[in-house]
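*Asks:* Data: model-v5.tsv, TSV, C-alpha atoms and all ligand atoms.
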```
chain	number	residue	atom	x	y	z
A	1	MET	CA	5.18	27.12	-26.40
A	2	THR	CA	4.63	23.80	-24.67
A	3	VAL	CA	6.03	23.52	-21.18
A	4	GLN	CA	7.67	20.15	-20.61
A	5	SER	CA	9.52	18.79	-17.58
A	6	CYS	CA	11.46	15.53	-17.74
A	7	VAL	CA	13.17	13.10	-15.39
A	8	SER	CA	15.57	10.40	-16.57
A	9	ILE	CA	14.83	6.97	-15.13
A	10	ARG	CA	17.99	5.04	-14.27
A	11	ASN	CA	17.40	3.79	-10.73
A	12	GLU	CA	14.69	3.48	-8.11
A	13	TRP	CA	15.28	6.97	-6.73
A	14	ASP	CA	14.47	8.42	-10.13
A	15	ILE	CA	11.02	6.82	-9.86
A	16	VAL	CA	10.45	8.86	-6.71
A	17	ALA	CA	11.75	11.99	-8.47
A	18	ALA	CA	9.37	11.46	-11.41
A	19	ARG	CA	6.47	11.06	-8.99
A	20	GLN	CA	7.45	14.26	-7.21
A	21	MET	CA	7.71	16.16	-10.49
A	22	GLY	CA	4.24	14.91	-11.43
A	23	ARG	CA	2.75	16.00	-8.14
A	24	ASN	CA	4.29	19.48	-8.41
A	25	VAL	CA	3.10	20.05	-11.98
A	26	ALA	CA	-0.39	18.70	-11.22
A	27	LYS	CA	-0.68	20.88	-8.13
A	28	ASP	CA	0.52	24.00	-9.96
A	29	LEU	CA	-1.98	23.37	-12.75
A	30	GLY	CA	-4.81	23.21	-10.23
A	31	PHE	CA	-5.63	19.49	-10.09
A	32	GLY	CA	-7.44	18.41	-6.93
A	33	THR	CA	-5.71	16.11	-4.46
A	34	VAL	CA	-7.51	12.98	-5.69
A	35	ASP	CA	-6.44	13.61	-9.30
A	36	GLN	CA	-2.94	14.48	-8.11
A	37	ALA	CA	-2.81	11.02	-6.51
A	38	ARG	CA	-4.14	9.38	-9.69
A	39	ILE	CA	-1.48	11.13	-11.76
A	40	THR	CA	1.39	10.28	-9.40
A	41	THR	CA	0.29	6.64	-9.24
A	42	ALA	CA	0.20	6.45	-13.04
A	43	ILE	CA	3.68	7.99	-13.23
A	44	SER	CA	5.03	5.51	-10.66
A	45	GLU	CA	3.74	2.56	-12.66
A	46	LEU	CA	5.15	3.83	-15.95
A	47	ALA	CA	8.51	4.71	-14.37
A	48	ARG	CA	8.72	1.35	-12.61
A	49	ASN	CA	8.03	-0.43	-15.91
A	50	ILE	CA	10.82	1.53	-17.60
A	51	TYR	CA	13.22	0.59	-14.80
A	52	LEU	CA	12.18	-3.09	-14.80
A	53	TYR	CA	11.76	-3.85	-18.49
A	54	ALA	CA	13.85	-1.31	-20.39
A	55	GLY	CA	16.53	-0.43	-17.82
A	56	THR	CA	16.57	3.27	-18.62
A	57	GLY	CA	14.26	5.85	-20.14
A	58	GLN	CA	12.47	9.10	-19.45
A	59	ILE	CA	9.29	10.45	-17.95
A	60	CYS	CA	8.19	13.83	-19.30
A	61	ILE	CA	5.18	15.89	-18.35
A	62	GLU	CA	3.66	18.35	-20.76
A	63	GLU	CA	1.15	21.01	-19.81
A	64	LEU	CA	-1.89	21.09	-22.07
A	65	ASP	CA	-4.14	24.00	-22.88
A	66	GLU	CA	-6.56	23.30	-25.70
A	67	TYR	CA	-8.96	26.19	-26.16
A	68	GLY	CA	-9.05	26.82	-22.43
A	69	LYS	CA	-9.29	23.13	-21.53
A	70	ARG	CA	-6.32	22.50	-19.29
A	71	GLY	CA	-4.56	19.31	-18.36
A	72	LEU	CA	-1.34	17.38	-18.58
A	73	LYS	CA	0.21	14.63	-20.64
A	74	VAL	CA	2.59	12.06	-19.18
A	75	ILE	CA	5.05	10.75	-21.77
A	76	ALA	CA	7.05	7.64	-20.83
A	77	THR	CA	9.75	6.68	-23.34
A	78	ASP	CA	12.51	4.10	-23.47
A	79	ASP	CA	14.77	2.34	-25.97
A	80	GLY	CA	14.12	-1.06	-24.44
A	81	PRO	CA	12.95	-4.32	-26.02
A	82	GLY	CA	9.47	-3.03	-26.83
A	83	ILE	CA	6.09	-4.64	-26.16
A	84	PRO	CA	5.36	-7.39	-28.70
A	85	ASP	CA	1.61	-7.71	-28.03
A	86	ILE	CA	0.00	-4.51	-26.76
A	87	ARG	CA	-3.47	-6.06	-26.42
A	88	GLN	CA	-2.06	-8.75	-24.15
A	89	VAL	CA	-0.31	-6.34	-21.76
A	90	MET	CA	-3.56	-4.37	-21.41
A	91	GLU	CA	-5.29	-7.44	-19.95
A	92	ASP	CA	-5.53	-7.37	-16.15
A	93	GLY	CA	-3.11	-9.89	-14.70
A	94	PHE	CA	-0.70	-10.25	-17.63
A	95	SER	CA	2.90	-10.02	-16.47
A	96	THR	CA	6.22	-11.31	-17.79
A	97	SER	CA	7.92	-10.69	-14.45
A	98	GLY	CA	5.65	-12.42	-11.95
A	99	GLY	CA	4.11	-9.04	-11.09
A	100	LEU	CA	0.41	-8.40	-10.63
A	101	GLY	CA	0.04	-7.25	-14.21
A	102	ALA	CA	-2.05	-4.39	-12.92
A	103	GLY	CA	0.25	-1.52	-13.87
A	104	LEU	CA	-0.73	-0.62	-17.43
A	105	PRO	CA	-4.46	-1.42	-17.13
A	106	GLY	CA	-4.37	0.66	-13.93
A	107	VAL	CA	-2.76	3.62	-15.67
A	108	LYS	CA	-5.42	3.47	-18.38
A	109	ARG	CA	-8.18	3.57	-15.76
A	110	LEU	CA	-6.59	6.39	-13.76
A	111	MET	CA	-6.08	8.69	-16.74
A	112	ASP	CA	-8.49	10.13	-19.35
A	113	SER	CA	-6.67	8.90	-22.43
A	114	PHE	CA	-3.96	6.35	-22.94
A	115	GLN	CA	-1.85	5.26	-25.91
A	116	ILE	CA	1.06	2.87	-26.43
A	117	ASP	CA	3.48	3.02	-29.36
A	118	SER	CA	6.01	0.23	-29.26
A	119	SER	CA	8.36	-1.75	-31.47
A	120	SER	CA	11.45	-3.87	-30.95
A	121	GLU	CA	13.52	-1.33	-32.96
A	122	GLU	CA	12.28	1.91	-31.40
A	123	GLY	CA	11.41	0.83	-27.86
A	124	THR	CA	8.26	2.02	-26.14
A	125	ALA	CA	6.45	5.33	-25.85
A	126	ILE	CA	3.36	5.60	-23.64
A	127	TYR	CA	1.17	8.72	-23.58
A	128	ALA	CA	-1.43	9.33	-20.87
A	129	VAL	CA	-3.52	12.48	-20.58
A	130	LYS	CA	-5.53	13.87	-17.67
A	131	TRP	CA	-7.82	16.90	-17.92
A	132	ILE	CA	-8.81	19.20	-15.10
A	133	ARG	CA	-12.49	18.74	-14.43
B	1	LIG	N1	8.41	-0.14	-20.99
B	1	LIG	C1	8.23	-1.44	-21.24
B	1	LIG	N2	9.05	-2.11	-22.10
B	1	LIG	C2	8.87	-3.43	-22.36
B	1	LIG	N3	7.89	-4.16	-21.80
B	1	LIG	C3	7.04	-3.56	-20.95
B	1	LIG	C4	7.16	-2.18	-20.62
B	1	LIG	N4	6.18	-1.85	-19.75
B	1	LIG	C5	5.47	-2.98	-19.57
B	1	LIG	N5	5.98	-4.01	-20.27
B	1	LIG	C6	5.45	-5.40	-20.34
B	1	LIG	O1	4.06	-5.33	-20.04
B	1	LIG	C7	3.75	-6.24	-18.99
B	1	LIG	C8	2.59	-5.68	-18.18
B	1	LIG	O2	3.00	-4.48	-17.49
B	1	LIG	P1	2.20	-4.05	-16.17
B	1	LIG	O3	2.83	-2.83	-15.63
B	1	LIG	O4	0.75	-3.98	-16.54
B	1	LIG	O5	2.38	-5.28	-15.20
B	1	LIG	P2	3.70	-5.76	-14.43
B	1	LIG	O6	4.75	-4.68	-14.48
B	1	LIG	O7	4.11	-7.09	-14.97
B	1	LIG	O8	3.17	-5.95	-12.93
B	1	LIG	P3	2.75	-4.76	-11.92
B	1	LIG	O9	2.97	-3.44	-12.63
B	1	LIG	O10	1.32	-5.00	-11.58
B	1	LIG	O11	3.68	-4.95	-10.76
B	1	LIG	C9	5.04	-6.40	-18.22
B	1	LIG	O12	5.08	-7.64	-17.51
B	1	LIG	C10	6.09	-6.35	-19.33
B	1	LIG	O13	6.20	-7.59	-19.97
B	2	MG	MG	4.27	-2.68	-14.03
```
Would you give me this structure, written as structure tokens?

*Replies:*
Amino acid sequence: MTVQSCVSIRNEWDIVAARQMGRNVAKDLGFGTVDQARITTAISELARNIYLYAGTGQICIEELDEYGKRGLKVIATDDGPGIPDIRQVMEDGFSTSGGLGAGLPGVKRLMDSFQIDSSSEEGTAIYAVKWIR
């Protein structure tokens, strides 16, 4: 069975709650403090994007165990407007809100794997995995 914990994102406090959930799961799994910080930063960026661009959504964390290789997957989902050009948002400095445009490229760098599924009908789902080294 896959263990999953989720936090709904509706306001700024929920971003803090998602971060906290990420830290707890990462710590319990045995991630070191530096990787815990990477994971919580990634979660903050994804949660903040949900809040800013989609209004509401969810952050879920799934524990991974693939043939003894352990890690976690962050799943950020929303039913917002979607991301029209995924390549563009992965460029450093691209922002539609006057932000730094560092969030998504940052998440990709902090995590081991990163994937965006998005459409204007279905909203956005972002998956980011980190393995314990
Ligand atoms: N969940 C989402 N739904 C719709 N659009 C999104 C979503 N997340 C990101 N985007 C779009 O991708 C762009 C880039 O996101 P990114 O997090 O990299 O930068 P930013 O939020 O603009 O600035 P920063 O995160 O550095 O403060 C955003 O400006 C926004 O247009
Ligand atoms: Mg952002």

*Asks:* Counting only C-alpha atoms and all ligand atoms, which of A:Ile126, A:Val74, A:Leu46, A:Met90 gets nearest to ligand MG 2 (chain B)?

*Replies:*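 Smallest separation from ligand MG 2 (chain B) among the options: A:Leu46.
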
*Asks:* Identify, counting all atoms listed in the file, the protein, DNA and RNA residues located within 9 Å of ligand MG 2 (chain B), and give them as a list in words.

*Replies:*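 Here is the list of contacting residues: Ser44, Glu45, Leu46, Ala47, Arg48, Asn49, Ile50, Leu52, Tyr53, Ser95, Ser97, Gly99, Leu100, Gly101, Ala102, Gly103 and Leu104 of chain A.
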
*Asks:* I need the residue nearest Cys60 in chain A from this list: A:Ile86, A:Cys6, A:Leu29, A:Ala18. Use all atoms listed in the file for the distance.

*Replies:* A:Cys6

*Asks:* Please enclose the listed atoms of ligand LIG 1 (chain B) in an axis-aligned box, pad each side by 3 Å, and write out the centre and the three edge lengths in Å, rounded to one decimal, as lines of an AutoDock Vina configuration file.

*Replies:*
```
center_x = 4.9
center_y = -3.9
center_z = -16.6
size_x = 14.3
size_y = 13.5
size_z = 17.6
```

*Asks:* In Å to one decimal, how far is CA of Trp131 in chain A from atom O3 of ligand LIG 1 (chain B)?

*Replies:*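 Answer for the atom O3 of ligand LIG 1 (chain B) to CA of Trp131 in chain A separation: 22.5 Å.
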
*Asks:* Give the answer as one residue: which of A:Arg87, A:Arg109, A:Arg133, A:Lys73 has the shortest atom-to-atom distance to Gly32 in chain A, using all atoms listed in the file?

*Replies:*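 The closest residue to Gly32 in chain A is A:Arg133.
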
*Asks:* Determine, counting only C-alpha atoms, which protein, DNA and RNA residues have an atom within 12 Å of an atom of Lys130 in chain A; residues of the same chain fewer than 2 positions away are not included. Present the result as a VMD selection string.

*Replies:* chain A and resid 22 26 29 to 32 35 to 40 42 to 43 61 to 65 69 to 75 107 to 114 127 to 128 132 to 133

*Asks:* As an exercise, work out the distance from CA of Thr2 in chain A to atom O3 of ligand LIG 1 (chain B) in Å and give it to one decimal place.

*Replies:*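 Between CA of Thr2 in chain A and atom O3 of ligand LIG 1 (chain B) the gap works out to 28.2 Å.
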
*Asks:* Could you please determine the separation between atom O6 of ligand LIG 1 (chain B) and CA of Asp92 in chain A in Å, to one decimal place?

*Replies:*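 Value for the atom O6 of ligand LIG 1 (chain B)-CA of Asp92 in chain A distance: 10.8 Å.
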